[in-house]
Amino acid sequence: MNIFHCRPFAVSVCAFAASALLAFSMALPTKLIMLILSVIGVIVGIVWGSCGKARWGRLPSLILLISCACAIALGQSVYWFDFACKRLERLGVEEFPVEGYVAERLNDTYVGSAFYVKTTEINGEPIQTKLLLQCNYRSSLQAGDYFRITVQREAIQEEDQLYRLSDGCTGYVVCESDDACRIYSEGEESLLIWMRRQQLRLSERLSSAVKGENGDLAAALLLGDRGKLSGDTALSFRRAGISHLLALSGLHVSVLMGMLEWLLRRLRLPKALRAVGVMAVAAAYLLLTGMSLSTVRSVIMVSVLYLAFLFGASYDSFTSLCAALLGILLVSPYAVTDMGMWMSFTATAGIVIFLPAVNDAFEAGIWKRLPYRLVKLIRGIAVALAVGLLANCAILTLSAFFHGEASLFSMVATLLLSPILPISLFLSICCLWLPSVGILGWLCGICMELLRQTADFFSNVTNGIVLLDGSFTVLLTVALTLSLILCAVCDFKKKLLMQGIPVILSASVMLFGVLDKPPADQGIAVSCISNGKNDGILLTERNGAVFYDVSDGSTSFLSLAIAELKHQRCSELERLVLTHYHPQMTNGLDFCASHIKIRHLSLPAPLTDEESAIANRLREEAELHGIQVTVGEETATFETMLRPISDGVERSVLFSVTVNGKRLVYSSGAWFEDALLSEEARAWVLSSDYWIVGAHGGNTLAVPQLLKEHPSLTEVIFCSPEAAKSCGAVSLPYSCAVVNSIYRFFLS
């Protein structure tokens, strides 16, 4: 199947998208060189097409189209990513005033509030852009408020950069005091802000009609409002491989617009009015649900379909898909960084490109001999299976390369829940119109509970998440990608047979992902993790993993721990142990629980009112994610000792973990400065087999002397290079190691 045959528009759009994607990863000089080459290609295409013997033949026209597409994509990338995104850096000051209005209030945490703001003026210059504003206090700003505020520029953390860029956010600013903010006018509404408020109002109405977590799920499925959906439910859908059901997409739009089309036909409205009515309702639904990129794609494709229907023209699904992609990338260049958008388009392309071969197979002679109703039934089942299979094959490559994992039960769960989703959406609409009819809320709640329980069941299956970062698995994934491209662009005679190759390769990728496990005789893996400021110890075995956190809750550090967990072929954490409290840990827990399954959270006993407040907030956060919480728990294998806070000095941490008869002791901070505390701490260190000298908390002046007194130590591990340097002159009878991000060893 040659998807580009007689589709010059599709060729140019694919060239545009490929150039935009590649340009994002290029340095500015490379972009400029490629831009010059593209302009030369445009000139060559124009000259060749104008002066050649066969004027504007196929080849010069194709060169001109592709060169124009590449030049526009590269020029757009240079402007947005190399100039617009660096406006704050070019100001040359760290503190400056910002004037604008609040586009969206993101969240409130223990340490403050966060917003997306649209600026009209920055440091006296008329700059219109979108910024992430973090107020380190509980701010009274609301969506629509026009304000002036003095802020400090901060760098967006590396793991959040793509996510923020995909939202069109070009910078991150922080305000420390409410006195620095002045509100000029309150509640001024643009159309989008007004629609957002209507979305929240309808979400409240639906949630109150359906009740509880099921009501929040109904609001997420119908209206795209996932703000109140618990983290546990969201993670269950993601681990089960059906998070696409939560993201408003073609499935939701087609179901809703199909219901509307059926209603308009019943009312016997003419074809023109039906087409205009469906497009108008689709556009309103797009605005109401927040204009997510997958919804934009679906609404554009539906609109192209009805325009073709209205004007009596033929409809081509792949051209329609390309039109949606071009529209999104032209209007929102930052969308090129949105992985959700690429997965949505890839899944749809897999269905649009390969499904016709499945339909064509039923046109063969053998099927014509069977009863029509039987063939129709078999065909419907085959198409339903093929849609799920083709979409999963297409996005498996992206899941492998960008996430390094995939759900083993994604297709099964999707097939089970797909028939329930239209019923759930229909009942949700009925609950919105008739919230006082209790039977509707009860029926909708049953459907939502069935969706939640199915997602929870598949997410909790042992080894349900397959990690796809093994070397042989990566090779198979590359082969799968090449086979998909060849099947799409080459015109094979036996199309259905050739499409079996990507399916077989997809199954092979998943199979080798399941079989790719560490050897059983290695014992328990111990991973010491440090970024020079925060530390952690990860213990991994076949039955689960435990992480001991000695950090300030920084998401950049916790992302290291999550990456190491996946490196050890684990997709969930049996227990997360916090050794001490930090206000930012509430954000850190939310970050961890959004990426991996955490079953238990162990908290130290709080000693101050502030720590009690943080502990309560952590309990609330853990409850949202379905995590069991214990406080002040110590066992025979885990003991901790905390140095009390005095004069504002951060608490020091000392704890020991016994693994396979070996005792690991971690120490950080000023334990050995105080003579009273030093004696007990010294006894712990001298009884250890492995001593981990932490970077968190600083002081390691007493380390060299203790090393001399501890001849039976198997190994000392320095999380801080400075601590290792202080012991450089000490002659030690055992091995030493310095943690460079991650240091691993095994205890058999």
# chains A, B, ... in the order shown; residues from 1 in each chain; ligands from 1
$ residues_around --residues "Leu221 (chain A)" --least-positions-apart "4" --cutoff "9 Å" --atoms "only C-alpha atoms" --output "list in words"
Asp216, Leu217, Asp225, Arg226, Leu245, Leu246, Ala247, Leu248, His252, Leu421, Ser424, Leu425 and Ser428 of chain A
$ residues_around --residues "region 605-622 of chain A" --least-positions-apart "5" --cutoff "9 Å" --atoms "only C-alpha atoms" --output "short mmCIF file (atom, residue, chain, number, x, y, z; two decimals) with C-alpha atoms, in the first residue's frame"
data_model
loop_
_atom_site.label_atom_id
_atom_site.label_comp_id
_atom_site.auth_asym_id
_atom_site.auth_seq_id
_atom_site.Cartn_x
_atom_site.Cartn_y
_atom_site.Cartn_z
CA THR A 109 0.25 22.80 47.54
CA TYR A 110 1.62 23.00 51.05
CA GLY A 231 -3.75 9.70 41.06
CA ASP A 232 -4.42 6.02 41.80
CA HIS A 580 13.01 12.82 57.26
CA TYR A 581 10.58 15.57 56.28
CA HIS A 582 10.82 18.31 53.68
CA PRO A 583 7.94 20.57 52.55
CA MET A 585 8.21 16.04 49.51
CA THR A 586 4.46 16.35 48.88
CA ASN A 587 5.26 17.34 45.29
CA LEU A 589 5.44 11.94 46.23
CA ASP A 590 2.95 13.06 43.59
CA ALA A 593 3.27 8.05 42.19
CA HIS A 600 3.46 1.39 50.85
CA ILE A 627 -0.82 4.10 48.83
CA GLN A 628 -0.87 2.54 52.31
CA VAL A 629 0.86 4.70 54.94
CA VAL A 631 4.27 6.26 60.57
CA GLY A 632 7.29 5.68 62.82
CA GLU A 633 7.64 2.02 61.82
CA PRO A 644 16.90 16.72 66.61
#
$ atom_distance --atom1 "CA of Ala681 (chain A)" --atom2 "CA of Leu654 (chain A)"
7.5 Å
$ residues_around --residues "Pro126 (chain A)" --least-positions-apart "2" --cutoff "12 Å" --atoms "only C-alpha atoms" --output "compact mmCIF listing (two decimals) with N, CA and C atoms, in the first residue's frame"
# COMPACT_ATOMS: atom_id res chain seq x y z
N ARG A 87 13.39 34.50 25.49
CA ARG A 87 13.19 35.93 25.75
C ARG A 87 13.59 36.30 27.17
N PRO A 97 9.60 42.96 36.79
CA PRO A 97 8.13 42.98 36.88
C PRO A 97 7.49 42.33 35.65
N VAL A 98 6.35 41.69 35.89
CA VAL A 98 5.57 41.04 34.82
C VAL A 98 4.13 41.52 34.94
N GLU A 99 3.55 41.85 33.79
CA GLU A 99 2.15 42.26 33.76
C GLU A 99 1.40 41.35 32.80
N GLY A 100 0.19 40.94 33.20
CA GLY A 100 -0.59 40.05 32.35
C GLY A 100 -1.82 39.55 33.07
N LYS A 118 -0.62 34.57 30.90
CA LYS A 118 -0.33 35.17 29.60
C LYS A 118 0.15 36.60 29.86
N THR A 119 1.35 36.91 29.42
CA THR A 119 1.94 38.22 29.71
C THR A 119 1.60 39.23 28.61
N THR A 120 1.50 40.49 29.02
CA THR A 120 1.39 41.59 28.07
C THR A 120 2.62 42.48 28.11
N GLU A 121 3.34 42.42 29.25
CA GLU A 121 4.53 43.25 29.42
C GLU A 121 5.49 42.56 30.37
N ILE A 122 6.78 42.53 29.99
CA ILE A 122 7.82 41.97 30.85
C ILE A 122 8.96 42.97 30.95
N ASN A 123 9.24 43.41 32.17
CA ASN A 123 10.32 44.37 32.43
C ASN A 123 10.19 45.61 31.55
N GLY A 124 8.96 46.06 31.38
CA GLY A 124 8.71 47.28 30.60
C GLY A 124 8.63 47.08 29.11
N GLN A 128 4.43 39.28 24.62
CA GLN A 128 3.29 38.39 24.82
C GLN A 128 3.77 36.95 24.75
N THR A 129 3.67 36.28 25.87
CA THR A 129 4.09 34.88 25.93
C THR A 129 3.36 34.20 27.08
$ residues_around --residues "Val461 (chain A)" --least-positions-apart "5" --cutoff "12 Å" --atoms "only C-alpha atoms" --output "ChimeraX atom specification"
/A:236,239-240,407-409,454-456,466,571-572,597
$ write_last_selection --atoms "all heavy atoms" --output "compact mmCIF listing (two decimals), in the first residue's frame"
# COMPACT_ATOMS: atom_id res chain seq x y z
N SER A 236 -3.61 3.63 37.38
CA SER A 236 -4.15 2.31 37.02
C SER A 236 -4.46 2.25 35.53
O SER A 236 -4.15 1.26 34.86
CB SER A 236 -5.42 2.01 37.83
OG SER A 236 -5.13 1.87 39.19
N ARG A 239 -1.02 2.12 33.70
CA ARG A 239 -0.34 0.83 33.81
C ARG A 239 -1.07 -0.27 33.06
O ARG A 239 -0.46 -1.23 32.60
CB ARG A 239 -0.18 0.45 35.28
CG ARG A 239 0.90 1.24 36.01
CD ARG A 239 0.89 0.93 37.50
NE ARG A 239 1.08 -0.48 37.77
CZ ARG A 239 2.27 -1.10 37.82
NH1 ARG A 239 3.38 -0.41 37.62
NH2 ARG A 239 2.35 -2.39 38.08
N ALA A 240 -2.39 -0.14 32.94
CA ALA A 240 -3.15 -1.12 32.18
C ALA A 240 -3.05 -0.88 30.68
O ALA A 240 -3.55 -1.68 29.87
CB ALA A 240 -4.62 -1.09 32.61
N SER A 407 2.38 -1.81 28.24
CA SER A 407 1.50 -2.70 29.00
C SER A 407 1.25 -3.98 28.21
O SER A 407 0.95 -3.95 27.01
CB SER A 407 0.17 -2.01 29.30
OG SER A 407 -0.74 -2.93 29.88
N LEU A 408 1.35 -5.10 28.90
CA LEU A 408 1.15 -6.40 28.27
C LEU A 408 -0.32 -6.63 27.92
O LEU A 408 -0.65 -7.39 27.01
CB LEU A 408 1.64 -7.51 29.21
CG LEU A 408 1.82 -8.92 28.65
CD1 LEU A 408 2.83 -8.92 27.51
CD2 LEU A 408 2.27 -9.87 29.75
N PHE A 409 -1.20 -5.94 28.65
CA PHE A 409 -2.64 -6.21 28.50
C PHE A 409 -3.39 -5.05 27.86
O PHE A 409 -4.61 -4.96 27.98
CB PHE A 409 -3.25 -6.53 29.87
CG PHE A 409 -2.55 -7.63 30.60
CD1 PHE A 409 -1.73 -7.35 31.68
CD2 PHE A 409 -2.69 -8.94 30.21
CE1 PHE A 409 -1.08 -8.36 32.36
CE2 PHE A 409 -2.04 -9.96 30.87
CZ PHE A 409 -1.23 -9.67 31.95
N THR A 454 -11.76 -2.79 36.14
CA THR A 454 -11.01 -3.47 35.06
C THR A 454 -9.60 -2.90 34.94
O THR A 454 -8.62 -3.66 34.83
CB THR A 454 -11.76 -3.32 33.72
OG1 THR A 454 -13.09 -3.79 33.85
CG2 THR A 454 -11.05 -4.09 32.62
N ALA A 455 -9.51 -1.57 34.97
CA ALA A 455 -8.18 -0.94 34.91
C ALA A 455 -7.34 -1.33 36.11
O ALA A 455 -6.14 -1.63 35.98
CB ALA A 455 -8.33 0.58 34.84
N ASP A 456 -7.95 -1.37 37.29
CA ASP A 456 -7.21 -1.73 38.50
C ASP A 456 -6.74 -3.18 38.45
O ASP A 456 -5.63 -3.49 38.87
CB ASP A 456 -8.11 -1.49 39.72
CG ASP A 456 -7.35 -1.58 41.02
OD1 ASP A 456 -6.37 -0.83 41.19
OD2 ASP A 456 -7.71 -2.41 41.88
N VAL A 466 5.78 -4.30 30.77
CA VAL A 466 6.96 -4.90 30.13
C VAL A 466 7.96 -3.80 29.83
O VAL A 466 7.62 -2.81 29.16
CB VAL A 466 6.56 -5.63 28.83
CG1 VAL A 466 7.78 -6.23 28.17
CG2 VAL A 466 5.52 -6.70 29.12
N SER A 571 8.86 -2.43 37.70
CA SER A 571 7.90 -1.42 37.26
C SER A 571 7.09 -0.86 38.41
O SER A 571 6.19 -0.05 38.20
CB SER A 571 6.94 -2.01 36.21
OG SER A 571 6.25 -3.12 36.75
N GLU A 572 7.39 -1.30 39.65
CA GLU A 572 6.69 -0.76 40.80
C GLU A 572 7.58 -0.81 42.03
O GLU A 572 8.61 -1.50 42.06
CB GLU A 572 5.39 -1.51 41.06
CG GLU A 572 5.58 -2.98 41.38
CD GLU A 572 4.25 -3.69 41.59
OE1 GLU A 572 3.35 -3.56 40.72
OE2 GLU A 572 4.11 -4.37 42.62
N LYS A 597 4.05 2.61 40.31
CA LYS A 597 3.13 2.14 41.34
C LYS A 597 3.87 2.01 42.66
O LYS A 597 4.89 1.34 42.76
CB LYS A 597 2.55 0.78 40.93
CG LYS A 597 1.57 0.18 41.93
CD LYS A 597 0.25 0.88 41.90
CE LYS A 597 -0.77 0.19 42.78
NZ LYS A 597 -2.07 0.90 42.79
$ select_by_dssp --residues "region 140-377 of chain A" --states "strand (DSSP E or B)" --output "list in words"
Tyr146, Phe147, Arg148, Ile149, Thr150, Val151, Gln152, Arg153, Glu154, Gly171, Tyr172, Val173, Val174, Cys175, Cys181, Arg182, Ile183, Tyr184 and Ser185 of chain A
$ atom_distance --atom1 "CA of Ala282 (chain A)" --atom2 "CA of Leu260 (chain A)"
9.9 Å
$ atom_distance --atom1 "CA of Cys447 (chain A)" --atom2 "CA of Ala413 (chain A)"
14.8 Å
$ residues_around --residues "region 349-357 of chain A" --least-positions-apart "2" --cutoff "10 Å" --atoms "only C-alpha atoms" --output "PyMOL selection string"
chain A and resi 1-3+316-318+321-322+343-347+359-362+383+386-395+484+487-489+494-497+499
$ closest_residue --among "A:Ala17, A:Leu432, A:Ala695, A:Met498" --to "Lys533 (chain A)" --atoms "only C-alpha atoms"
A:Ala695
$ residues_around --residues "Ala479 (chain A)" --least-positions-apart "3" --cutoff "12 Å" --atoms "only C-alpha atoms" --output "CSV table (one decimal) with N, CA and C atoms, in the first residue's frame"
chain,number,residue,atom,x,y,z
A,397,THR,N,6.3,1.3,19.0
A,397,THR,CA,7.6,1.8,18.7
A,397,THR,C,7.9,3.1,19.5
A,472,PHE,N,18.5,-6.5,22.7
A,472,PHE,CA,17.8,-7.3,21.6
A,472,PHE,C,16.4,-6.8,21.4
A,473,THR,N,15.7,-6.4,22.4
A,473,THR,CA,14.4,-5.8,22.3
A,473,THR,C,14.4,-4.5,21.5
A,474,VAL,N,15.5,-3.7,21.7
A,474,VAL,CA,15.6,-2.5,20.9
A,474,VAL,C,15.8,-2.8,19.4
A,475,LEU,N,16.6,-3.8,19.1
A,475,LEU,CA,16.8,-4.2,17.7
A,475,LEU,C,15.5,-4.6,17.1
A,476,LEU,N,14.7,-5.4,17.8
A,476,LEU,CA,13.4,-5.8,17.3
A,476,LEU,C,12.5,-4.6,17.1
A,482,LEU,N,10.9,-0.2,10.9
A,482,LEU,CA,11.2,-0.3,9.4
A,482,LEU,C,10.1,-1.1,8.7
A,483,SER,N,9.6,-2.1,9.3
A,483,SER,CA,8.5,-2.9,8.6
A,483,SER,C,7.2,-2.1,8.5
A,484,LEU,N,6.9,-1.3,9.5
A,484,LEU,CA,5.7,-0.5,9.4
A,484,LEU,C,5.8,0.5,8.3
A,485,ILE,N,7.0,1.1,8.2
A,485,ILE,CA,7.2,2.1,7.1
A,485,ILE,C,7.2,1.5,5.7
A,486,LEU,N,7.8,0.3,5.6
A,486,LEU,CA,7.8,-0.3,4.3
A,486,LEU,C,6.4,-0.8,3.9
A,501,ILE,N,3.7,-9.2,9.2
A,501,ILE,CA,5.1,-9.1,9.6
A,501,ILE,C,5.2,-8.1,10.8
A,502,PRO,N,4.6,-6.9,10.7
A,502,PRO,CA,4.7,-6.0,11.9
A,502,PRO,C,4.0,-6.6,13.1
A,503,VAL,N,2.9,-7.3,12.9
A,503,VAL,CA,2.2,-7.9,14.1
A,503,VAL,C,3.1,-9.0,14.7
A,504,ILE,N,3.8,-9.8,13.9
A,504,ILE,CA,4.7,-10.8,14.5
A,504,ILE,C,5.8,-10.1,15.2
A,505,LEU,N,6.4,-9.1,14.6
A,505,LEU,CA,7.5,-8.4,15.3
A,505,LEU,C,7.0,-7.7,16.6
A,506,SER,N,5.8,-7.2,16.6
A,506,SER,CA,5.2,-6.6,17.8
A,506,SER,C,5.2,-7.6,19.0
A,508,SER,N,6.9,-10.3,19.2
A,508,SER,CA,8.3,-10.7,19.5
A,508,SER,C,8.9,-9.6,20.5
A,509,VAL,N,8.6,-8.3,20.2
A,509,VAL,CA,9.1,-7.3,21.1
A,509,VAL,C,8.6,-7.5,22.5
$ closest_residue --among "A:Leu576, A:Leu62, A:Ala335, A:Leu288" --to "Gln198 (chain A)" --atoms "only C-alpha atoms"
A:Leu288
$ select_by_dssp --residues "region 300-434 of chain A" --states "alpha helix (DSSP H)" --output "ChimeraX atom specification"
/A:300-311,317-331,339-361,365-368,372-398,410-417,420-433
$ residues_around --residues "Arg297 (chain A)" --least-positions-apart "2" --cutoff "9 Å" --atoms "only C-alpha atoms" --output "PyMOL selection string"
chain A and resi 249-250+292-295+299-302+321+323-325+327-328+341+344-345
$ closest_residue --among "A:Leu305, A:Cys444, A:Leu515, A:Val331" --to "Val276 (chain A)" --atoms "only C-alpha atoms"
A:Leu305
$ closest_residue --among "A:Ala563, A:Cys175, A:Val102, A:Leu269" --to "Arg138 (chain A)" --atoms "only C-alpha atoms"
A:Cys175
$ closest_residue --among "A:Gly49, A:Tyr146, A:Leu440, A:Met510" --to "Phe426 (chain A)" --atoms "only C-alpha atoms"
A:Leu440
